[in-house]
>>> print(open('my_file-v8.cif').read())   # mmCIF, C-alpha atoms
data_run
loop_
_atom_site.group_PDB
_atom_site.id
_atom_site.type_symbol
_atom_site.label_atom_id
_atom_site.label_comp_id
_atom_site.auth_asym_id
_atom_site.auth_seq_id
_atom_site.Cartn_x
_atom_site.Cartn_y
_atom_site.Cartn_z
ATOM 1 C CA MET A 1349 55.130 -3.809 -172.244
ATOM 2 C CA ILE A 1350 54.702 -6.183 -175.159
ATOM 3 C CA LEU A 1351 57.903 -4.915 -176.735
ATOM 4 C CA ARG A 1352 59.866 -6.364 -173.816
ATOM 5 C CA LEU A 1353 58.969 -9.800 -175.160
ATOM 6 C CA ILE A 1354 61.067 -8.882 -178.189
ATOM 7 C CA PHE A 1355 63.927 -6.805 -176.898
ATOM 8 C CA LEU A 1356 66.648 -8.710 -175.137
ATOM 9 C CA LEU A 1357 69.430 -8.074 -172.683
ATOM 10 C CA ALA A 1358 71.497 -5.008 -173.532
ATOM 11 C CA LEU A 1359 74.951 -5.375 -175.024
ATOM 12 C CA THR A 1360 77.954 -3.795 -173.371
ATOM 13 C CA PRO A 1361 80.717 -3.751 -176.007
ATOM 14 C CA PHE A 1362 84.057 -5.365 -175.277
ATOM 15 C CA ILE A 1363 83.242 -7.147 -172.021
ATOM 16 C CA SER A 1364 86.597 -8.860 -172.139
ATOM 17 C CA PHE A 1365 86.219 -10.559 -168.782
ATOM 18 C CA GLY A 1366 82.430 -10.573 -168.498
ATOM 19 C CA GLN A 1367 80.593 -13.447 -166.911
ATOM 20 C CA LEU A 1368 80.132 -16.411 -169.192
ATOM 21 C CA PRO A 1369 76.815 -18.245 -169.303
ATOM 22 C CA LYS A 1370 76.664 -21.367 -167.173
ATOM 23 C CA VAL A 1371 76.096 -24.515 -169.211
ATOM 24 C CA SER A 1372 75.425 -28.043 -168.017
ATOM 25 C CA ASN A 1373 76.819 -29.596 -171.194
ATOM 26 C CA GLY A 1374 79.862 -28.595 -173.224
ATOM 27 C CA ASN A 1375 81.794 -25.343 -172.913
ATOM 28 C CA ILE A 1376 81.403 -21.684 -173.860
ATOM 29 C CA GLU A 1377 84.142 -19.572 -175.412
ATOM 30 C CA ARG A 1378 83.535 -15.840 -175.816
ATOM 31 C CA ILE A 1379 84.677 -13.675 -178.696
ATOM 32 C CA ASN A 1380 84.544 -9.884 -178.319
ATOM 33 C CA PHE A 1381 83.987 -9.061 -181.962
ATOM 34 C CA ALA A 1382 84.763 -5.677 -183.493
ATOM 35 C CA SER A 1383 83.174 -5.228 -186.917
ATOM 36 C CA GLN A 1384 83.394 -2.683 -189.710
ATOM 37 C CA PHE A 1385 79.713 -3.279 -190.499
ATOM 38 C CA VAL A 1386 77.928 -3.221 -187.111
ATOM 39 C CA LEU A 1387 78.659 -2.147 -183.560
ATOM 40 C CA PRO A 1388 80.925 -4.500 -181.568
ATOM 41 C CA ARG A 1389 79.242 -7.358 -179.768
ATOM 42 C CA ASN A 1390 79.864 -10.560 -177.857
ATOM 43 C CA VAL A 1391 79.745 -13.891 -179.629
ATOM 44 C CA ASP A 1392 79.401 -16.956 -177.395
ATOM 45 C CA VAL A 1393 80.583 -20.164 -179.053
ATOM 46 C CA TRP A 1394 79.267 -23.418 -177.601
ATOM 47 C CA LEU A 1395 81.555 -26.414 -178.038
ATOM 48 C CA PRO A 1396 80.135 -29.881 -177.345
ATOM 49 C CA GLU A 1397 81.626 -32.196 -174.744
ATOM 50 C CA GLY A 1398 84.736 -33.815 -176.183
ATOM 51 C CA TYR A 1399 85.278 -31.172 -178.840
ATOM 52 C CA SER A 1400 88.457 -32.119 -180.687
ATOM 53 C CA LYS A 1401 90.521 -30.568 -183.429
ATOM 54 C CA ASN A 1402 90.818 -34.086 -184.812
ATOM 55 C CA LYS A 1403 87.166 -33.939 -185.860
ATOM 56 C CA LYS A 1404 85.269 -31.661 -188.189
ATOM 57 C CA TYR A 1405 82.115 -29.916 -186.982
ATOM 58 C CA SER A 1406 79.172 -28.239 -188.657
ATOM 59 C CA VAL A 1407 78.251 -24.696 -187.540
ATOM 60 C CA LEU A 1408 74.908 -23.274 -186.425
ATOM 61 C CA TYR A 1409 74.777 -19.471 -186.220
ATOM 62 C CA MET A 1410 72.055 -18.272 -183.842
ATOM 63 C CA GLN A 1411 70.653 -14.793 -183.230
ATOM 64 C CA ASP A 1412 70.079 -13.263 -179.768
ATOM 65 C CA GLY A 1413 73.094 -15.075 -178.375
ATOM 66 C CA GLN A 1414 72.663 -13.870 -174.780
ATOM 67 C CA MET A 1415 69.351 -15.755 -174.534
ATOM 68 C CA LEU A 1416 70.572 -19.202 -175.553
ATOM 69 C CA TYR A 1417 72.125 -20.858 -172.520
ATOM 70 C CA ASP A 1418 71.711 -19.447 -169.014
ATOM 71 C CA PRO A 1419 68.385 -18.136 -167.626
ATOM 72 C CA GLU A 1420 70.197 -16.553 -164.683
ATOM 73 C CA MET A 1421 71.807 -14.079 -167.107
ATOM 74 C CA THR A 1422 68.771 -13.119 -169.218
ATOM 75 C CA TRP A 1423 66.401 -10.173 -168.706
ATOM 76 C CA ASN A 1424 63.331 -12.425 -168.336
ATOM 77 C CA HIS A 1425 65.043 -15.373 -166.596
ATOM 78 C CA GLN A 1426 64.289 -17.640 -169.555
ATOM 79 C CA ALA A 1427 66.680 -19.286 -172.006
ATOM 80 C CA TRP A 1428 66.662 -21.664 -174.957
ATOM 81 C CA ASN A 1429 68.831 -24.214 -173.085
ATOM 82 C CA VAL A 1430 70.622 -24.916 -176.352
ATOM 83 C CA ASP A 1431 73.402 -26.814 -174.593
ATOM 84 C CA ASP A 1432 71.022 -29.336 -173.040
ATOM 85 C CA VAL A 1433 68.974 -29.917 -176.181
ATOM 86 C CA MET A 1434 71.988 -30.153 -178.467
ATOM 87 C CA ALA A 1435 73.965 -32.420 -176.131
ATOM 88 C CA LYS A 1436 71.036 -34.843 -175.925
ATOM 89 C CA LEU A 1437 70.699 -35.006 -179.717
ATOM 90 C CA ILE A 1438 74.444 -35.463 -180.202
ATOM 91 C CA LYS A 1439 74.516 -38.249 -177.616
ATOM 92 C CA GLU A 1440 71.643 -39.971 -179.401
ATOM 93 C CA LYS A 1441 73.572 -39.520 -182.683
ATOM 94 C CA THR A 1442 70.514 -37.807 -184.090
ATOM 95 C CA VAL A 1443 72.441 -34.788 -185.355
ATOM 96 C CA GLN A 1444 75.853 -34.028 -186.811
ATOM 97 C CA ASN A 1445 78.830 -33.028 -184.702
ATOM 98 C CA ILE A 1446 78.241 -29.296 -184.445
ATOM 99 C CA ILE A 1447 79.189 -26.090 -182.673
ATOM 100 C CA VAL A 1448 76.803 -23.204 -181.983
ATOM 101 C CA VAL A 1449 77.797 -19.590 -182.580
ATOM 102 C CA GLY A 1450 75.508 -17.380 -180.488
ATOM 103 C CA ILE A 1451 75.615 -13.785 -181.753
ATOM 104 C CA TRP A 1452 74.552 -11.261 -179.142
ATOM 105 C CA ASN A 1453 72.100 -8.586 -180.178
ATOM 106 C CA ASN A 1454 72.428 -4.916 -179.398
ATOM 107 C CA GLN A 1455 69.241 -4.017 -177.514
ATOM 108 C CA GLN A 1456 68.900 -0.517 -178.887
ATOM 109 C CA LEU A 1457 69.655 -1.561 -182.467
ATOM 110 C CA ARG A 1458 68.129 -5.031 -182.542
ATOM 111 C CA HIS A 1459 65.230 -4.065 -184.782
ATOM 112 C CA THR A 1460 67.543 -2.073 -187.040
ATOM 113 C CA ASP A 1461 69.945 -5.010 -187.420
ATOM 114 C CA TYR A 1462 67.262 -7.667 -187.905
ATOM 115 C CA PHE A 1463 64.683 -5.880 -190.110
ATOM 116 C CA PRO A 1464 65.037 -7.242 -193.698
ATOM 117 C CA GLN A 1465 66.384 -4.303 -195.643
ATOM 118 C CA LYS A 1466 65.571 -4.995 -199.296
ATOM 119 C CA PRO A 1467 61.835 -5.642 -198.739
ATOM 120 C CA PHE A 1468 61.702 -2.393 -196.744
ATOM 121 C CA GLU A 1469 63.552 -0.449 -199.421
ATOM 122 C CA GLY A 1470 61.059 -1.704 -202.013
ATOM 123 C CA LEU A 1471 58.192 0.052 -200.241
ATOM 124 C CA THR A 1472 56.864 3.429 -201.297
ATOM 125 C CA GLN A 1473 57.849 6.411 -199.157
ATOM 126 C CA PRO A 1474 54.380 6.627 -197.511
ATOM 127 C CA GLN A 1475 54.623 2.900 -196.686
ATOM 128 C CA LYS A 1476 58.094 3.372 -195.192
ATOM 129 C CA ASP A 1477 56.763 6.249 -193.126
ATOM 130 C CA THR A 1478 53.958 4.004 -191.858
ATOM 131 C CA ILE A 1479 56.438 1.328 -190.790
ATOM 132 C CA LYS A 1480 58.633 3.902 -189.073
ATOM 133 C CA SER A 1481 55.656 5.397 -187.259
ATOM 134 C CA GLN A 1482 54.460 1.992 -186.063
ATOM 135 C CA LEU A 1483 57.928 1.086 -184.744
ATOM 136 C CA ILE A 1484 58.425 4.428 -183.019
ATOM 137 C CA THR A 1485 54.985 4.169 -181.416
ATOM 138 C CA ALA A 1486 55.867 0.677 -180.143
ATOM 139 C CA GLY A 1487 59.209 1.891 -178.783
ATOM 140 C CA ALA A 1488 61.161 -0.349 -181.165
ATOM 141 C CA ALA A 1489 62.853 2.511 -182.989
ATOM 142 C CA GLU A 1490 63.808 6.120 -182.471
ATOM 143 C CA GLY A 1491 63.904 8.953 -184.969
ATOM 144 C CA ASN A 1492 64.533 8.065 -188.591
ATOM 145 C CA PHE A 1493 64.400 4.244 -188.637
ATOM 146 C CA ASN A 1494 66.417 2.639 -191.431
ATOM 147 C CA PRO A 1495 67.202 -1.088 -191.486
ATOM 148 C CA ASN A 1496 70.853 -2.122 -191.323
ATOM 149 C CA SER A 1497 70.354 -5.845 -191.898
ATOM 150 C CA ASP A 1498 72.437 -5.931 -195.087
ATOM 151 C CA ASN A 1499 75.445 -4.810 -193.047
ATOM 152 C CA TYR A 1500 74.494 -7.192 -190.245
ATOM 153 C CA LEU A 1501 74.601 -10.097 -192.691
ATOM 154 C CA LYS A 1502 77.906 -8.851 -194.101
ATOM 155 C CA PHE A 1503 79.269 -8.967 -190.558
ATOM 156 C CA ILE A 1504 78.231 -12.633 -190.251
ATOM 157 C CA VAL A 1505 79.312 -13.749 -193.723
ATOM 158 C CA LYS A 1506 82.398 -11.643 -194.386
ATOM 159 C CA GLU A 1507 83.857 -11.310 -190.872
ATOM 160 C CA LEU A 1508 82.450 -13.747 -188.319
ATOM 161 C CA LYS A 1509 82.263 -16.865 -190.491
ATOM 162 C CA PRO A 1510 85.883 -16.552 -191.746
ATOM 163 C CA TYR A 1511 86.995 -16.108 -188.135
ATOM 164 C CA ILE A 1512 85.072 -19.194 -186.985
ATOM 165 C CA ASP A 1513 86.342 -21.183 -189.975
ATOM 166 C CA LYS A 1514 89.917 -20.328 -189.060
ATOM 167 C CA LYS A 1515 89.739 -20.668 -185.257
ATOM 168 C CA TYR A 1516 87.689 -23.868 -184.972
ATOM 169 C CA SER A 1517 87.822 -27.284 -186.602
ATOM 170 C CA VAL A 1518 84.733 -26.864 -188.756
ATOM 171 C CA HIS A 1519 83.408 -27.662 -192.197
ATOM 172 C CA ARG A 1520 83.345 -24.488 -194.264
ATOM 173 C CA ASP A 1521 80.877 -25.471 -196.965
ATOM 174 C CA ARG A 1522 77.195 -24.638 -197.337
ATOM 175 C CA GLU A 1523 76.081 -28.179 -196.560
ATOM 176 C CA HIS A 1524 77.360 -27.825 -192.993
ATOM 177 C CA THR A 1525 76.489 -24.168 -192.304
ATOM 178 C CA PHE A 1526 73.141 -23.215 -190.766
ATOM 179 C CA ILE A 1527 71.421 -20.161 -189.317
ATOM 180 C CA ALA A 1528 68.563 -19.843 -186.830
ATOM 181 C CA GLY A 1529 66.612 -17.436 -184.688
ATOM 182 C CA SER A 1530 63.227 -16.570 -183.270
ATOM 183 C CA SER A 1531 60.879 -13.632 -183.775
ATOM 184 C CA MET A 1532 62.865 -10.879 -185.550
ATOM 185 C CA GLY A 1533 65.815 -13.269 -185.283
ATOM 186 C CA GLY A 1534 63.793 -15.776 -187.305
ATOM 187 C CA LEU A 1535 62.978 -13.131 -189.879
ATOM 188 C CA VAL A 1536 66.609 -12.102 -190.354
ATOM 189 C CA SER A 1537 67.643 -15.773 -190.529
ATOM 190 C CA LEU A 1538 65.232 -16.218 -193.435
ATOM 191 C CA TYR A 1539 66.634 -13.057 -195.009
ATOM 192 C CA ALA A 1540 70.145 -14.478 -194.571
ATOM 193 C CA ILE A 1541 69.512 -17.695 -196.465
ATOM 194 C CA CYS A 1542 67.728 -15.765 -199.232
ATOM 195 C CA GLU A 1543 70.583 -13.251 -199.556
ATOM 196 C CA TYR A 1544 73.379 -15.799 -199.141
ATOM 197 C CA PRO A 1545 72.132 -19.148 -200.489
ATOM 198 C CA ASP A 1546 75.717 -20.168 -201.285
ATOM 199 C CA ILE A 1547 76.710 -19.758 -197.623
ATOM 200 C CA PHE A 1548 73.804 -21.243 -195.652
ATOM 201 C CA GLY A 1549 72.402 -24.692 -196.306
ATOM 202 C CA GLY A 1550 69.512 -24.417 -193.888
ATOM 203 C CA ALA A 1551 67.569 -21.903 -191.803
ATOM 204 C CA ALA A 1552 65.339 -22.354 -188.752
ATOM 205 C CA CYS A 1553 62.818 -19.526 -188.481
ATOM 206 C CA ILE A 1554 61.034 -19.945 -185.158
ATOM 207 C CA SER A 1555 57.977 -17.794 -184.354
ATOM 208 C CA THR A 1556 58.953 -15.714 -187.374
ATOM 209 C CA HIS A 1557 57.934 -12.089 -186.804
ATOM 210 C CA TRP A 1558 56.405 -11.567 -190.246
ATOM 211 C CA PRO A 1559 54.715 -8.234 -189.339
ATOM 212 C CA GLY A 1560 58.055 -6.488 -188.725
ATOM 213 C CA THR A 1561 56.165 -4.024 -186.541
ATOM 214 C CA PHE A 1562 53.664 -4.829 -183.767
ATOM 215 C CA THR A 1563 50.374 -4.501 -185.598
ATOM 216 C CA LEU A 1564 48.772 -6.018 -188.675
ATOM 217 C CA LYS A 1565 46.492 -3.029 -189.220
ATOM 218 C CA ASN A 1566 47.610 -0.804 -192.105
ATOM 219 C CA ASN A 1567 50.918 -2.687 -192.229
ATOM 220 C CA PRO A 1568 52.414 -3.109 -195.722
ATOM 221 C CA PHE A 1569 55.462 -5.064 -194.620
ATOM 222 C CA PRO A 1570 54.149 -8.683 -194.449
ATOM 223 C CA GLU A 1571 53.144 -8.639 -198.108
ATOM 224 C CA ALA A 1572 56.415 -6.990 -199.080
ATOM 225 C CA MET A 1573 58.355 -9.654 -197.199
ATOM 226 C CA LEU A 1574 56.342 -12.448 -198.804
ATOM 227 C CA GLU A 1575 56.909 -10.974 -202.269
ATOM 228 C CA TYR A 1576 60.640 -10.783 -201.566
ATOM 229 C CA PHE A 1577 60.639 -14.356 -200.254
ATOM 230 C CA GLU A 1578 58.863 -15.659 -203.353
ATOM 231 C CA ALA A 1579 61.412 -13.908 -205.602
ATOM 232 C CA HIS A 1580 64.480 -15.016 -203.607
ATOM 233 C CA ILE A 1581 63.621 -18.382 -202.058
ATOM 234 C CA PRO A 1582 66.729 -20.588 -202.318
ATOM 235 C CA SER A 1583 66.719 -23.744 -204.388
ATOM 236 C CA SER A 1584 65.093 -26.777 -202.822
ATOM 237 C CA ARG A 1585 67.860 -28.947 -204.291
ATOM 238 C CA ASP A 1586 70.412 -27.915 -201.686
ATOM 239 C CA HIS A 1587 68.616 -26.053 -198.886
ATOM 240 C CA LYS A 1588 66.384 -26.826 -195.925
ATOM 241 C CA LEU A 1589 63.792 -24.485 -194.436
ATOM 242 C CA TYR A 1590 62.110 -24.823 -191.045
ATOM 243 C CA PHE A 1591 59.276 -22.646 -189.713
ATOM 244 C CA ASP A 1592 56.988 -22.828 -186.716
ATOM 245 C CA THR A 1593 54.548 -20.674 -184.773
ATOM 246 C CA GLY A 1594 52.328 -20.724 -181.704
ATOM 247 C CA ASP A 1595 49.091 -18.769 -181.475
ATOM 248 C CA GLN A 1596 49.344 -16.832 -178.203
ATOM 249 C CA THR A 1597 50.759 -13.341 -177.406
ATOM 250 C CA LEU A 1598 52.779 -12.070 -180.378
ATOM 251 C CA ASP A 1599 52.536 -15.451 -182.084
ATOM 252 C CA ALA A 1600 48.820 -14.837 -182.579
ATOM 253 C CA MET A 1601 49.740 -12.558 -185.514
ATOM 254 C CA TYR A 1602 51.710 -15.217 -187.398
ATOM 255 C CA PRO A 1603 49.611 -18.260 -188.455
ATOM 256 C CA GLU A 1604 47.740 -16.680 -191.358
ATOM 257 C CA ILE A 1605 50.893 -15.113 -192.788
ATOM 258 C CA GLN A 1606 52.780 -18.363 -192.283
ATOM 259 C CA LYS A 1607 50.169 -20.166 -194.384
ATOM 260 C CA LYS A 1608 50.946 -17.772 -197.244
ATOM 261 C CA ALA A 1609 54.662 -18.441 -196.804
ATOM 262 C CA ASP A 1610 53.955 -22.189 -196.830
ATOM 263 C CA ASN A 1611 52.240 -21.817 -200.199
ATOM 264 C CA ILE A 1612 55.305 -20.029 -201.582
ATOM 265 C CA ILE A 1613 57.574 -22.805 -200.323
ATOM 266 C CA ARG A 1614 55.320 -25.483 -201.770
ATOM 267 C CA LYS A 1615 55.202 -23.739 -205.158
ATOM 268 C CA ALA A 1616 59.011 -23.568 -205.144
ATOM 269 C CA GLY A 1617 59.177 -27.355 -205.176
ATOM 270 C CA TYR A 1618 60.082 -28.074 -201.554
ATOM 271 C CA SER A 1619 59.080 -31.487 -200.230
ATOM 272 C CA GLU A 1620 58.908 -32.721 -196.652
ATOM 273 C CA LYS A 1621 62.580 -33.678 -196.934
ATOM 274 C CA GLN A 1622 63.577 -30.053 -197.419
ATOM 275 C CA TRP A 1623 60.888 -28.129 -195.526
ATOM 276 C CA LYS A 1624 58.887 -28.311 -192.324
ATOM 277 C CA THR A 1625 56.309 -25.956 -190.846
ATOM 278 C CA PHE A 1626 54.866 -26.776 -187.436
ATOM 279 C CA TYR A 1627 51.944 -25.134 -185.657
ATOM 280 C CA PHE A 1628 51.818 -25.241 -181.865
ATOM 281 C CA PRO A 1629 48.373 -24.237 -180.562
ATOM 282 C CA GLY A 1630 48.480 -22.725 -177.093
ATOM 283 C CA GLU A 1631 52.177 -21.792 -177.246
ATOM 284 C CA ASP A 1632 53.270 -18.199 -176.752
ATOM 285 C CA HIS A 1633 56.161 -15.980 -177.780
ATOM 286 C CA SER A 1634 58.881 -16.823 -175.268
ATOM 287 C CA GLU A 1635 62.186 -18.607 -174.784
ATOM 288 C CA LYS A 1636 60.361 -21.099 -172.583
ATOM 289 C CA ALA A 1637 58.132 -22.077 -175.516
ATOM 290 C CA TRP A 1638 61.010 -22.149 -177.994
ATOM 291 C CA SER A 1639 63.144 -24.300 -175.710
ATOM 292 C CA LYS A 1640 60.410 -26.936 -175.529
ATOM 293 C CA ARG A 1641 60.380 -27.418 -179.295
ATOM 294 C CA LEU A 1642 63.978 -26.613 -180.175
ATOM 295 C CA PHE A 1643 64.664 -30.290 -180.843
ATOM 296 C CA GLN A 1644 62.332 -30.090 -183.867
ATOM 297 C CA PRO A 1645 64.387 -27.697 -186.030
ATOM 298 C CA LEU A 1646 67.681 -29.152 -184.819
ATOM 299 C CA LYS A 1647 66.729 -32.710 -185.752
ATOM 300 C CA PHE A 1648 65.370 -31.568 -189.092
ATOM 301 C CA LEU A 1649 68.271 -29.351 -190.152
ATOM 302 C CA LEU A 1650 71.142 -31.237 -188.577
ATOM 303 C CA THR A 1651 70.443 -34.859 -189.353
ATOM 304 C CA GLU A 1652 73.599 -36.900 -188.893
ATOM 305 C CA LYS A 1653 73.638 -37.852 -192.548
ATOM 306 C CA THR A 1654 74.370 -34.610 -194.364
ATOM 307 C CA GLY A 1655 72.957 -33.601 -197.692
ATOM 308 C CA LEU A 1656 69.479 -33.691 -199.195
ATOM 309 C CA LYS A 1657 69.848 -36.481 -201.749
#
>>> encode(input="my_file-v8.cif", output="structure tokens")
Amino acid sequence: MILRLIFLLALTPFISFGQLPKVSNGNIERINFASQFVLPRNVDVWLPEGYSKNKKYSVLYMQDGQMLYDPEMTWNHQAWNVDDVMAKLIKEKTVQNIIVVGIWNNQQLRHTDYFPQKPFEGLTQPQKDTIKSQLITAGAAEGNFNPNSDNYLKFIVKELKPYIDKKYSVHRDREHTFIAGSSMGGLVSLYAICEYPDIFGGAACISTHWPGTFTLKNNPFPEAMLEYFEAHIPSSRDHKLYFDTGDQTLDAMYPEIQKKADNIIRKAGYSEKQWKTFYFPGEDHSEKAWSKRLFQPLKFLLTEKTGLK
């Protein structure tokens, strides 16, 4: 079922002694995070080889944390291999010293947590009903679908980030704080930097799932999301935006919408120093595809020399 390309491994709350992902570079530390805004979930923090409290590190927050490191633990036996890609870039001194905070999704609530809330709430009631019907038909929602992404972002910004800032030796400012994800994770990462431009200095939106649902026919959401993006795009003076898309499987729905998003970014004054969009013909919607090109957003967002000036 096409939806299984989107939904990820189920979350079991409070797996205090659950198996950690195997990594070939660096180390994983697990946080079992209880939140007042969302259901509890695992957060897997990747620390690079030689991590030291005598250094300061940037932070990359990534969605779908159970898919980032170990294909033996994922539902489709694919992973981003973040540890390998990041370790190679750090060794080459291509990127800043950085840790990765992988936030697990909740399989049953993934679409609810990741669906941008304000663009949805700006729809008419018939349009909302259309979105709900499309998601229920696709098996991505049950009953009365209502996005919870505002609370999901509050969890990251008001609870998780302060915890990470306190526990690890990291920079706390916007210039060193980034967010990334793919598919719906890419969409909510874009929503995050638009809602919290003072927190996140850059966002990587990979195979961004602009449709929100699983059809473009009679779907009002892409235009609503683009209108929201145009009204809330963060300043090009102190932010970086990365987008990409393939053209196979679910990615086949994205290129034309991405071109409209590119026009919005261009009109907002972004240059190639602050913004990249890549198109990958022949690539599909999978961790295997994203792993192959992960170095692109990492190199762009996390250049060793910080800042945009």
>>> closest_residue(input="my_file-v8.cif", among="A:Asn1445, A:Gln1482, A:Asn1390, A:Asn1494", to="Glu1469 (chain A)", atoms="only C-alpha atoms")
A:Asn1494
>>> atom_distance(input="my_file-v8.cif", atom1="CA of Thr1478 (chain A)", atom2="CA of Asp1632 (chain A)")
26.9 Å
>>> closest_residue(input="my_file-v8.cif", among="A:Ala1486, A:Asn1453, A:Lys1370, A:Arg1389", to="Ala1427 (chain A)", atoms="only C-alpha atoms")
A:Lys1370
>>> closest_residue(input="my_file-v8.cif", among="A:Leu1408, A:Val1518, A:Ile1512, A:Ile1581", to="Glu1543 (chain A)", atoms="all atoms listed in the file")
A:Ile1581
>>> atom_distance(input="my_file-v8.cif", atom1="CA of His1633 (chain A)", atom2="CA of Val1505 (chain A)")
28.2 Å
>>> residues_around(input="my_file-v8.cif", residues="region 1403-1406 of chain A", least_positions_apart="2", cutoff="12 Å", atoms="all atoms listed in the file", output="JSON, numbers by chain")
{"A": [1394, 1395, 1396, 1398, 1399, 1400, 1401, 1408, 1409, 1438, 1443, 1444, 1445, 1446, 1447, 1448, 1449, 1509, 1512, 1513, 1516, 1517, 1518, 1519, 1520, 1521, 1522, 1523, 1524, 1525, 1526, 1527, 1548, 1549, 1550, 1649, 1650, 1651, 1652, 1653, 1654]}
>>> resolve_selection(input="my_file-v8.cif", expression="the PyMOL selection byres ((chain A and resi 1575-1578) around 10)", output="number ranges by chain")
A: 1464, 1466-1468, 1470, 1538-1539, 1542, 1569-1574, 1579-1582, 1609, 1611-1613, 1615-1616
>>> atom_distance(input="my_file-v8.cif", atom1="CA of Lys1441 (chain A)", atom2="CA of Gly1413 (chain A)")
24.8 Å
>>> residues_near_point(input="my_file-v8.cif", point="(52.9, -14.1, -187.8)", cutoff="7 Å", atoms="only C-alpha atoms", output="list in words")
Thr1556, His1557, Trp1558, Pro1559, Asp1599, Ala1600, Met1601, Tyr1602, Pro1603, Glu1604, Ile1605 and Gln1606 of chain A
>>> closest_residue(input="my_file-v8.cif", among="A:Glu1507, A:Gly1491, A:Phe1626, A:Leu1598", to="Leu1564 (chain A)", atoms="all atoms listed in the file")
A:Leu1598
>>> resolve_selection(input="my_file-v8.cif", expression="the PyMOL selection byres ((chain A and resi 1534) around 8)", output="list in words")
Ala1528, Gly1529, Ser1530, Ser1531, Met1532, Gly1533, Leu1535, Val1536, Ser1537, Leu1538, Ala1552, Cys1553, Ile1554, Ser1555, Thr1556 and His1557 of chain A
>>> resolve_selection(input="my_file-v8.cif", expression="the PyMOL selection byres ((chain A and resi 1630) around 6)", output="ChimeraX atom specification")
/A:1595,1629,1631
>>> closest_residue(input="my_file-v8.cif", among="A:Ile1376, A:Ala1488, A:Val1407, A:Ala1540", to="Lys1502 (chain A)", atoms="only C-alpha atoms")
A:Ala1540
>>> axis_aligned_box(input="my_file-v8.cif", around="region 1368-1386 of chain A", padding_each_side="3 Å", output="JSON")
{"center_x": 80.1, "center_y": -16.1, "center_z": -178.8, "size_x": 15.3, "size_y": 32.9, "size_z": 29.3}
>>> residues_around(input="my_file-v8.cif", residues="Ser1619 (chain A)", least_positions_apart="4", cutoff="12 Å", atoms="all atoms listed in the file", output="PyMOL selection string")
chain A and resi 1583-1590+1610-1611+1613-1615+1623-1625+1656-1657
>>> closest_residue(input="my_file-v8.cif", among="A:Lys1647, A:Lys1436, A:Lys1514, A:Arg1458", to="Lys1621 (chain A)", atoms="all atoms listed in the file")
A:Lys1647
>>> residues_around(input="my_file-v8.cif", residues="Asn1373 (chain A)", least_positions_apart="4", cutoff="8 Å", atoms="all atoms listed in the file", output="number ranges by chain")
A: 1396-1397, 1431-1432, 1435
